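Taking it in order: structure first as C-alpha cells, then the write-up.
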Amino acid sequence: QHGAALDNALRRMRLHPEVESVEPDVLMKRLAVPTDPDYLTRQWYLQPPLTGGAAAINAELAWDRTTGSANVTVAVLDTGVRLQHPELAGRLWPGYDFVSEVEFAGDADGRDADPSDPGDWVSATGNPAPVQQLVDAGLCVVEPSSWHGTFIAGEVGALTNNAQGIAAIGWVPKVLPVRVAGKCGAFLTDLLDGMRWAAGLAVAGAPANANPARVINLSFGGDGPCTPEYQSAINDITAAGSLLVVAAGNSSGALQRPADCQKVLAVGAVAQSGAKASYSSWGPTMGLMAPGGTGPLSTRIWGLDNSGTQGPAADTFGYKAGTSFSAPMAAGVAALMLSVNPALTPSQLVVRMRTGARAHAFNP
C-alpha cells in the first residue's frame, strides 16, 4: 500500500488498543555517493566519519538532500585557474584578472578578462626587478608554481559523478574565477577590488560582473590586524548578500586579517583525527574548523593540480595541506545551503554552519 491507503491503514492500526506503535516498512534509499574513483580512495575528508576519520565532513548526508543549484555561484579569489583542466569543463563562469602590477602578474599584462593562472613561480635570481628586490630582502619565497586557485576551484566545483577524478562538495553550483594574486602573493588593492567585483559591486575600469557570487572564498592574508579599508570592503560585500569565507592562516598563532575582521567566516584546519592541525592559526573569532590535511600524503587534501613547475604543463591531481584548503570546504557547504534556501543571509549561513558542526579534539 501507499499514499492515502497506507495512511488509512496506519491510522486504523494505531487506534487498536493492543497496538503499541506502527511504522511502515519502507525502502531506504542509499545516500548519494559519486562515481568519481578518487572519492572513495583519496577523498577521506568528504566521507562519513566512520570511513573517513573524525574530521571527515560527511558530505553524503548533504548530497542526499541536494547536490546544489546552478543559480548559486562561488567565487574563488586566488592565483587564477587553469581553465582547461578537464575536471573544470563547464563548471566556470567567465571571470576577471585583477592583478595590476605587470612585473608580478606573470602574464605580461595587467588587469584583463582572462583569469587563467600562468604560474606564480619565483626563482632565486632572474626575476623582474621588483620581484627580485623582495626575494633578496627575504620578503618573497623562492618556490615553484602552486596552482593554488585551480586546487581550490576543484574543491568547490570540479565535475562530479562523472566516473573520473575527484568529487567536489557542490556538484552543480558554478565557480567564478577571480585572479587577484601573482608572484609573491596579492596586492591589497587588487584583492579588495576583486572581492567587491565578485559580489557584484562596481569596480572602476572593470566590466560589470554578470554572475555575482553569494559565497566568496579567499585563502590569502595573515599579515597584520584587520584595517578599516579591509573591513569596509567586507561590510559592502556582506550588505550585497555575499558571504566571505577566509582561511585562518598557517602561522599556528593568532588570527590576522582578513580572518580577524568582522562579518567573515574564518576557517581553521584540523587533521584527519579531528585535532587542530599544528600549523593552523586559531583564536576567539574562529568560525569553524575543517579538514586541512597534515602528515603523510594520504592524510592530506587531494585535488586538481598541474605538473608545471613554472608555466603550465599537464593538468593533473595532487596533495596539498593548509587552511587554504579548509576554507573552500566551508564555502562549498554554504553553497549547498543556499541551493536549498536562497533567502539565507551571510550571518544566517554562519550561525547554521556553526550550530551544525561537530565538536573536535582541541589541540592548540
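Every chain in the C-alpha cells has a letter given in the order shown (A, B, ...), and although residue numbers restart at 1 in each chain, ligands are simply numbered from 1 in the order shown.
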
Closest pair table for stretch 125-165 of chain A residues within 12 Å of stretch 306-325 of chain A, only C-alpha atoms, as JSON lines:
```
{"residue": "A:Val142", "atom": "CA", "partner": "A:Gln310", "partner_atom": "CA", "distance": 11.6}
{"residue": "A:Glu143", "atom": "CA", "partner": "A:Thr309", "partner_atom": "CA", "distance": 8.6}
{"residue": "A:Pro144", "atom": "CA", "partner": "A:Thr309", "partner_atom": "CA", "distance": 4.9}
{"residue": "A:Ser145", "atom": "CA", "partner": "A:Thr309", "partner_atom": "CA", "distance": 5.2}
{"residue": "A:Ser146", "atom": "CA", "partner": "A:Thr309", "partner_atom": "CA", "distance": 8.0}
{"residue": "A:Trp147", "atom": "CA", "partner": "A:Asn306", "partner_atom": "CA", "distance": 6.6}
{"residue": "A:His148", "atom": "CA", "partner": "A:Ser324", "partner_atom": "CA", "distance": 8.6}
{"residue": "A:Gly149", "atom": "CA", "partner": "A:Ser324", "partner_atom": "CA", "distance": 9.7}
{"residue": "A:Thr150", "atom": "CA", "partner": "A:Asn306", "partner_atom": "CA", "distance": 8.5}
{"residue": "A:Phe151", "atom": "CA", "partner": "A:Phe325", "partner_atom": "CA", "distance": 8.2}
{"residue": "A:Ile152", "atom": "CA", "partner": "A:Phe325", "partner_atom": "CA", "distance": 6.5}
{"residue": "A:Ala153", "atom": "CA", "partner": "A:Phe325", "partner_atom": "CA", "distance": 10.1}
{"residue": "A:Gly154", "atom": "CA", "partner": "A:Phe317", "partner_atom": "CA", "distance": 10.0}
{"residue": "A:Glu155", "atom": "CA", "partner": "A:Phe325", "partner_atom": "CA", "distance": 7.9}
{"residue": "A:Val156", "atom": "CA", "partner": "A:Phe325", "partner_atom": "CA", "distance": 10.0}
{"residue": "A:Ala158", "atom": "CA", "partner": "A:Phe317", "partner_atom": "CA", "distance": 11.7}
{"residue": "A:Gln164", "atom": "CA", "partner": "A:Phe317", "partner_atom": "CA", "distance": 11.6}
{"residue": "A:Gly165", "atom": "CA", "partner": "A:Phe317", "partner_atom": "CA", "distance": 8.2}
```

#### Entry: Contact residues around A:Pro291 with only C-alpha atoms at 7 Å, ignoring same-chain residues under 5 positions, as JSON, numbers by chain
{"A": [45, 55, 56, 269, 270, 271, 272, 326]}

### Task
Rounded to one decimal place, report the atom CA of A:Cys140-atom CA of A:Ala247 distance in Å.
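Between these atoms lies a distance of 19.9 Å.
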
### Query
Quick one: residues within 6 Å of stretch 166-180 of chain A, only C-alpha atoms counted, chain neighbours fewer than 6 positions away excluded, as number ranges by chain?
A: 36, 38-39, 67-70, 72-80, 91-93, 95-99, 115, 155-158, 160, 186, 190-191, 332

Deliver the residues from the most recent selection as a file, using N, CA, C and O atoms, as a short mmCIF file (atom, residue, chain, number, x, y, z; two decimals), in the first residue's frame.
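Written file, selection.cif:
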```cif
data_model
loop_
_atom_site.label_atom_id
_atom_site.label_comp_id
_atom_site.auth_asym_id
_atom_site.auth_seq_id
_atom_site.Cartn_x
_atom_site.Cartn_y
_atom_site.Cartn_z
N ASP A 36 32.95 9.23 -8.98
CA ASP A 36 34.34 9.62 -9.18
C ASP A 36 35.27 8.66 -8.42
O ASP A 36 35.14 8.53 -7.19
N ASP A 38 38.29 8.72 -7.30
CA ASP A 38 39.15 9.22 -6.22
C ASP A 38 38.36 9.50 -4.95
O ASP A 38 38.96 9.70 -3.89
N TYR A 39 37.04 9.55 -5.05
CA TYR A 39 36.24 9.86 -3.87
C TYR A 39 36.48 8.83 -2.77
O TYR A 39 36.76 9.18 -1.62
N THR A 67 22.53 18.32 -4.34
CA THR A 67 23.88 18.39 -4.88
C THR A 67 24.17 19.79 -5.40
O THR A 67 25.21 20.03 -6.00
N GLY A 68 23.25 20.71 -5.12
CA GLY A 68 23.49 22.10 -5.45
C GLY A 68 22.53 22.66 -6.48
O GLY A 68 21.64 21.98 -6.97
N SER A 69 22.74 23.93 -6.79
CA SER A 69 21.91 24.65 -7.76
C SER A 69 22.80 25.50 -8.64
O SER A 69 23.72 26.16 -8.16
N ALA A 70 22.50 25.51 -9.92
CA ALA A 70 23.25 26.34 -10.87
C ALA A 70 22.98 27.82 -10.65
O ALA A 70 23.67 28.68 -11.22
N VAL A 72 23.44 29.25 -7.85
CA VAL A 72 24.36 29.67 -6.80
C VAL A 72 25.79 29.69 -7.36
O VAL A 72 26.22 28.73 -7.99
N THR A 73 26.48 30.80 -7.13
CA THR A 73 27.86 30.95 -7.61
C THR A 73 28.81 31.12 -6.44
O THR A 73 28.52 31.86 -5.50
N VAL A 74 29.94 30.44 -6.51
CA VAL A 74 31.02 30.60 -5.53
C VAL A 74 32.21 31.23 -6.25
O VAL A 74 32.69 30.68 -7.25
N ALA A 75 32.67 32.36 -5.76
CA ALA A 75 33.85 33.00 -6.35
C ALA A 75 35.10 32.49 -5.65
O ALA A 75 35.13 32.33 -4.43
N VAL A 76 36.13 32.23 -6.43
CA VAL A 76 37.43 31.82 -5.90
C VAL A 76 38.42 32.94 -6.21
O VAL A 76 38.83 33.13 -7.35
N LEU A 77 38.75 33.73 -5.18
CA LEU A 77 39.73 34.81 -5.31
C LEU A 77 41.10 34.23 -5.02
O LEU A 77 41.42 33.87 -3.88
N ASP A 78 41.93 34.14 -6.06
CA ASP A 78 43.17 33.39 -5.88
C ASP A 78 44.16 33.70 -7.00
O ASP A 78 44.13 34.80 -7.55
N THR A 79 44.98 32.72 -7.34
CA THR A 79 46.03 32.89 -8.36
C THR A 79 45.50 32.74 -9.77
O THR A 79 46.28 32.74 -10.72
N GLY A 80 44.20 32.61 -9.91
CA GLY A 80 43.61 32.26 -11.19
C GLY A 80 43.36 30.77 -11.26
O GLY A 80 43.61 30.04 -10.29
N ARG A 91 32.21 24.15 -15.71
CA ARG A 91 31.93 24.48 -14.31
C ARG A 91 32.21 25.93 -13.97
O ARG A 91 31.96 26.36 -12.84
N LEU A 92 32.77 26.70 -14.92
CA LEU A 92 33.25 28.04 -14.61
C LEU A 92 32.45 29.13 -15.34
O LEU A 92 32.10 28.98 -16.51
N TRP A 93 32.19 30.22 -14.62
CA TRP A 93 31.71 31.44 -15.26
C TRP A 93 32.91 32.22 -15.79
O TRP A 93 34.03 32.06 -15.29
N GLY A 95 35.46 34.91 -15.67
CA GLY A 95 35.93 35.67 -14.52
C GLY A 95 36.70 36.90 -14.94
O GLY A 95 36.48 37.46 -16.01
N TYR A 96 37.64 37.32 -14.07
CA TYR A 96 38.41 38.53 -14.37
C TYR A 96 39.75 38.46 -13.65
O TYR A 96 39.89 37.83 -12.59
N ASP A 97 40.75 39.12 -14.25
CA ASP A 97 42.10 39.18 -13.70
C ASP A 97 42.33 40.58 -13.14
O ASP A 97 42.37 41.57 -13.90
N PHE A 98 42.48 40.68 -11.80
CA PHE A 98 42.67 41.97 -11.14
C PHE A 98 44.12 42.24 -10.76
O PHE A 98 44.40 43.22 -10.06
N VAL A 99 45.05 41.41 -11.20
CA VAL A 99 46.46 41.64 -10.88
C VAL A 99 46.95 42.81 -11.72
O VAL A 99 47.04 42.72 -12.95
N PRO A 115 41.17 35.21 -16.46
CA PRO A 115 41.54 34.82 -15.09
C PRO A 115 42.38 33.55 -15.02
O PRO A 115 42.50 32.95 -13.95
N GLU A 155 37.98 21.88 -5.40
CA GLU A 155 37.30 21.52 -4.16
C GLU A 155 35.85 21.99 -4.18
O GLU A 155 34.94 21.29 -3.74
N VAL A 156 35.64 23.19 -4.67
CA VAL A 156 34.30 23.79 -4.67
C VAL A 156 33.43 23.22 -5.76
O VAL A 156 32.24 22.95 -5.53
N GLY A 157 33.99 23.03 -6.97
CA GLY A 157 33.08 22.72 -8.08
C GLY A 157 33.62 21.86 -9.20
O GLY A 157 33.19 22.02 -10.35
N ALA A 158 34.55 20.95 -8.94
CA ALA A 158 35.01 20.05 -10.00
C ALA A 158 33.85 19.19 -10.51
O ALA A 158 32.88 18.93 -9.79
N THR A 160 31.58 16.33 -11.05
CA THR A 160 31.33 15.27 -10.07
C THR A 160 30.29 14.28 -10.60
O THR A 160 29.40 14.65 -11.37
N ALA A 186 49.42 38.66 -3.23
CA ALA A 186 48.41 39.58 -3.76
C ALA A 186 48.59 40.96 -3.16
O ALA A 186 48.79 41.10 -1.95
N ASP A 190 44.39 45.08 -5.28
CA ASP A 190 43.86 44.09 -6.22
C ASP A 190 42.89 43.15 -5.52
O ASP A 190 41.83 42.80 -6.05
N LEU A 191 43.26 42.75 -4.32
CA LEU A 191 42.43 41.81 -3.56
C LEU A 191 41.08 42.44 -3.21
O LEU A 191 40.03 41.82 -3.39
N GLY A 332 31.93 25.58 0.06
CA GLY A 332 31.10 24.63 -0.68
C GLY A 332 29.84 24.25 0.06
O GLY A 332 28.76 24.11 -0.53
#
```

### Message
Set the distance at 8 Å and use only C-alpha atoms: which residues neighbour A:Ala129 once local chain neighbours fewer than 3 positions away are removed? I'd like the list as a PyMOL selection string.
### Response
chain A and resi 103+132-133

Write out the residues from the selection above, keeping N, CA and C atoms, as a PDB file, in the first residue's frame.
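Now in result_1.pdb:
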```
ATOM      1  N   GLU A 103      54.890  43.315 -13.438  1.00  0.00           N
ATOM      2  CA  GLU A 103      56.078  42.553 -13.042  1.00  0.00           C
ATOM      3  C   GLU A 103      55.729  41.357 -12.157  1.00  0.00           C
ATOM      4  N   GLN A 132      62.582  40.603  -7.688  1.00  0.00           N
ATOM      5  CA  GLN A 132      63.920  40.247  -7.219  1.00  0.00           C
ATOM      6  C   GLN A 132      64.281  41.011  -5.949  1.00  0.00           C
ATOM      7  N   GLN A 133      63.842  42.243  -5.860  1.00  0.00           N
ATOM      8  CA  GLN A 133      64.117  43.027  -4.653  1.00  0.00           C
ATOM      9  C   GLN A 133      63.470  42.385  -3.430  1.00  0.00           C
TER      10      GLN A 133
END
```

### Query
Which residue, A:Leu349, A:Leu10, A:Leu288, A:Ile301, has the smallest gap to A:Arg214 when you use only C-alpha atoms?
A:Leu349

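Counting only C-alpha atoms and comparing A:Val203, A:Val333, A:Leu192, A:Ile237, the residue that lies closest to A:Leu61 is A:Val333.
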
### Query
If we count only C-alpha atoms, what is near stretch 232-236 of chain A at a cut-off of 8 Å, once residues fewer than 5 positions away on the same chain are taken out, given as an NGL selection string?
:A and (192 or 195-196 or 244 or 262-264)

Output all heavy atoms for every residue in that selection, as a short mmCIF file (atom, residue, chain, number, x, y, z; two decimals), in the first residue's frame.
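Generated file (again-v1.cif):
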```cif
data_model
loop_
_atom_site.label_atom_id
_atom_site.label_comp_id
_atom_site.auth_asym_id
_atom_site.auth_seq_id
_atom_site.Cartn_x
_atom_site.Cartn_y
_atom_site.Cartn_z
N LEU A 192 41.09 43.68 -2.74
CA LEU A 192 39.84 44.32 -2.34
C LEU A 192 38.96 44.62 -3.55
O LEU A 192 37.74 44.46 -3.49
CB LEU A 192 40.13 45.61 -1.57
CG LEU A 192 40.86 45.44 -0.24
CD1 LEU A 192 41.03 46.79 0.45
CD2 LEU A 192 40.14 44.46 0.67
N MET A 195 37.41 41.34 -4.57
CA MET A 195 36.37 40.97 -3.62
C MET A 195 35.07 41.70 -3.95
O MET A 195 33.98 41.09 -4.00
CB MET A 195 36.85 41.32 -2.21
CG MET A 195 35.98 40.84 -1.09
SD MET A 195 36.53 41.54 0.50
CE MET A 195 38.23 40.98 0.54
N ARG A 196 35.16 43.01 -4.17
CA ARG A 196 33.96 43.79 -4.48
C ARG A 196 33.33 43.32 -5.80
O ARG A 196 32.12 43.16 -5.91
CB ARG A 196 34.31 45.28 -4.56
CG ARG A 196 34.71 45.90 -3.23
CD ARG A 196 35.08 47.38 -3.43
NE ARG A 196 35.55 48.01 -2.20
CZ ARG A 196 34.75 48.54 -1.28
NH1 ARG A 196 33.44 48.50 -1.46
NH2 ARG A 196 35.25 49.09 -0.21
N LEU A 244 31.79 36.06 2.88
CA LEU A 244 33.22 35.91 2.64
C LEU A 244 33.77 34.83 3.56
O LEU A 244 33.74 34.96 4.79
CB LEU A 244 33.94 37.23 2.90
CG LEU A 244 35.46 37.21 2.66
CD1 LEU A 244 35.77 36.93 1.19
CD2 LEU A 244 36.09 38.54 3.09
N GLN A 262 35.52 41.48 11.11
CA GLN A 262 34.14 41.16 11.42
C GLN A 262 33.40 40.73 10.15
O GLN A 262 33.76 41.10 9.04
CB GLN A 262 33.44 42.36 12.04
CG GLN A 262 34.04 42.83 13.35
CD GLN A 262 33.38 44.09 13.86
OE1 GLN A 262 32.33 44.51 13.40
NE2 GLN A 262 34.01 44.71 14.86
N LYS A 263 32.37 39.93 10.34
CA LYS A 263 31.44 39.52 9.27
C LYS A 263 32.03 38.53 8.28
O LYS A 263 31.47 38.30 7.23
CB LYS A 263 30.88 40.74 8.52
CG LYS A 263 30.14 41.72 9.41
CD LYS A 263 29.59 42.89 8.60
CE LYS A 263 28.88 43.88 9.50
NZ LYS A 263 28.35 45.04 8.75
N VAL A 264 33.18 37.92 8.61
CA VAL A 264 33.73 36.86 7.76
C VAL A 264 33.54 35.53 8.47
O VAL A 264 33.31 35.48 9.68
CB VAL A 264 35.23 37.07 7.47
CG1 VAL A 264 35.47 38.43 6.83
CG2 VAL A 264 36.08 36.90 8.72
#
```

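In terms of minimum interatomic distance to A:Ser242, A:Ala198 ranks closest within A:Ala275, A:Ala137, A:Ala198, A:Val102, counting only C-alpha atoms.
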
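Minimum atom-to-atom distance to A:Asp107, evaluated using only C-alpha atoms, belongs to A:Ala181 out of A:Val245, A:Ala181, A:Ala331, A:Val340.
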
### Query
What is the distance between atom CA of A:Pro48 and atom CA of A:Gly295, in Å to one decimal?
20.6 Å

### Message
Among stretch 98-211 of chain A, which residues does DSSP mark as strand (DSSP E) when it is run on the backbone? Keep the chain and numbering as in the structure and answer as a VMD selection string.
### Response
chain A and resid 174 to 179

### alpha helix (DSSP H) per DSSP on the backbone: members of stretch 6-247 of chain A, as JSON, numbers by chain
{"A": [6, 7, 8, 9, 10, 11, 12, 13, 14, 15, 37, 38, 39, 40, 41, 49, 50, 51, 52, 59, 60, 61, 62, 63, 64, 65, 102, 103, 104, 105, 129, 130, 131, 132, 133, 134, 135, 136, 148, 149, 150, 151, 152, 153, 154, 155, 156, 157, 188, 189, 190, 191, 192, 193, 194, 195, 196, 197, 198, 228, 229, 230, 231, 232, 233, 234, 235, 236, 237, 238, 239]}

### Query
A:Ser281, A:Asn162, A:Ser116, A:Ser347: which is nearest A:Gly249, counting only C-alpha atoms?
A:Ser281
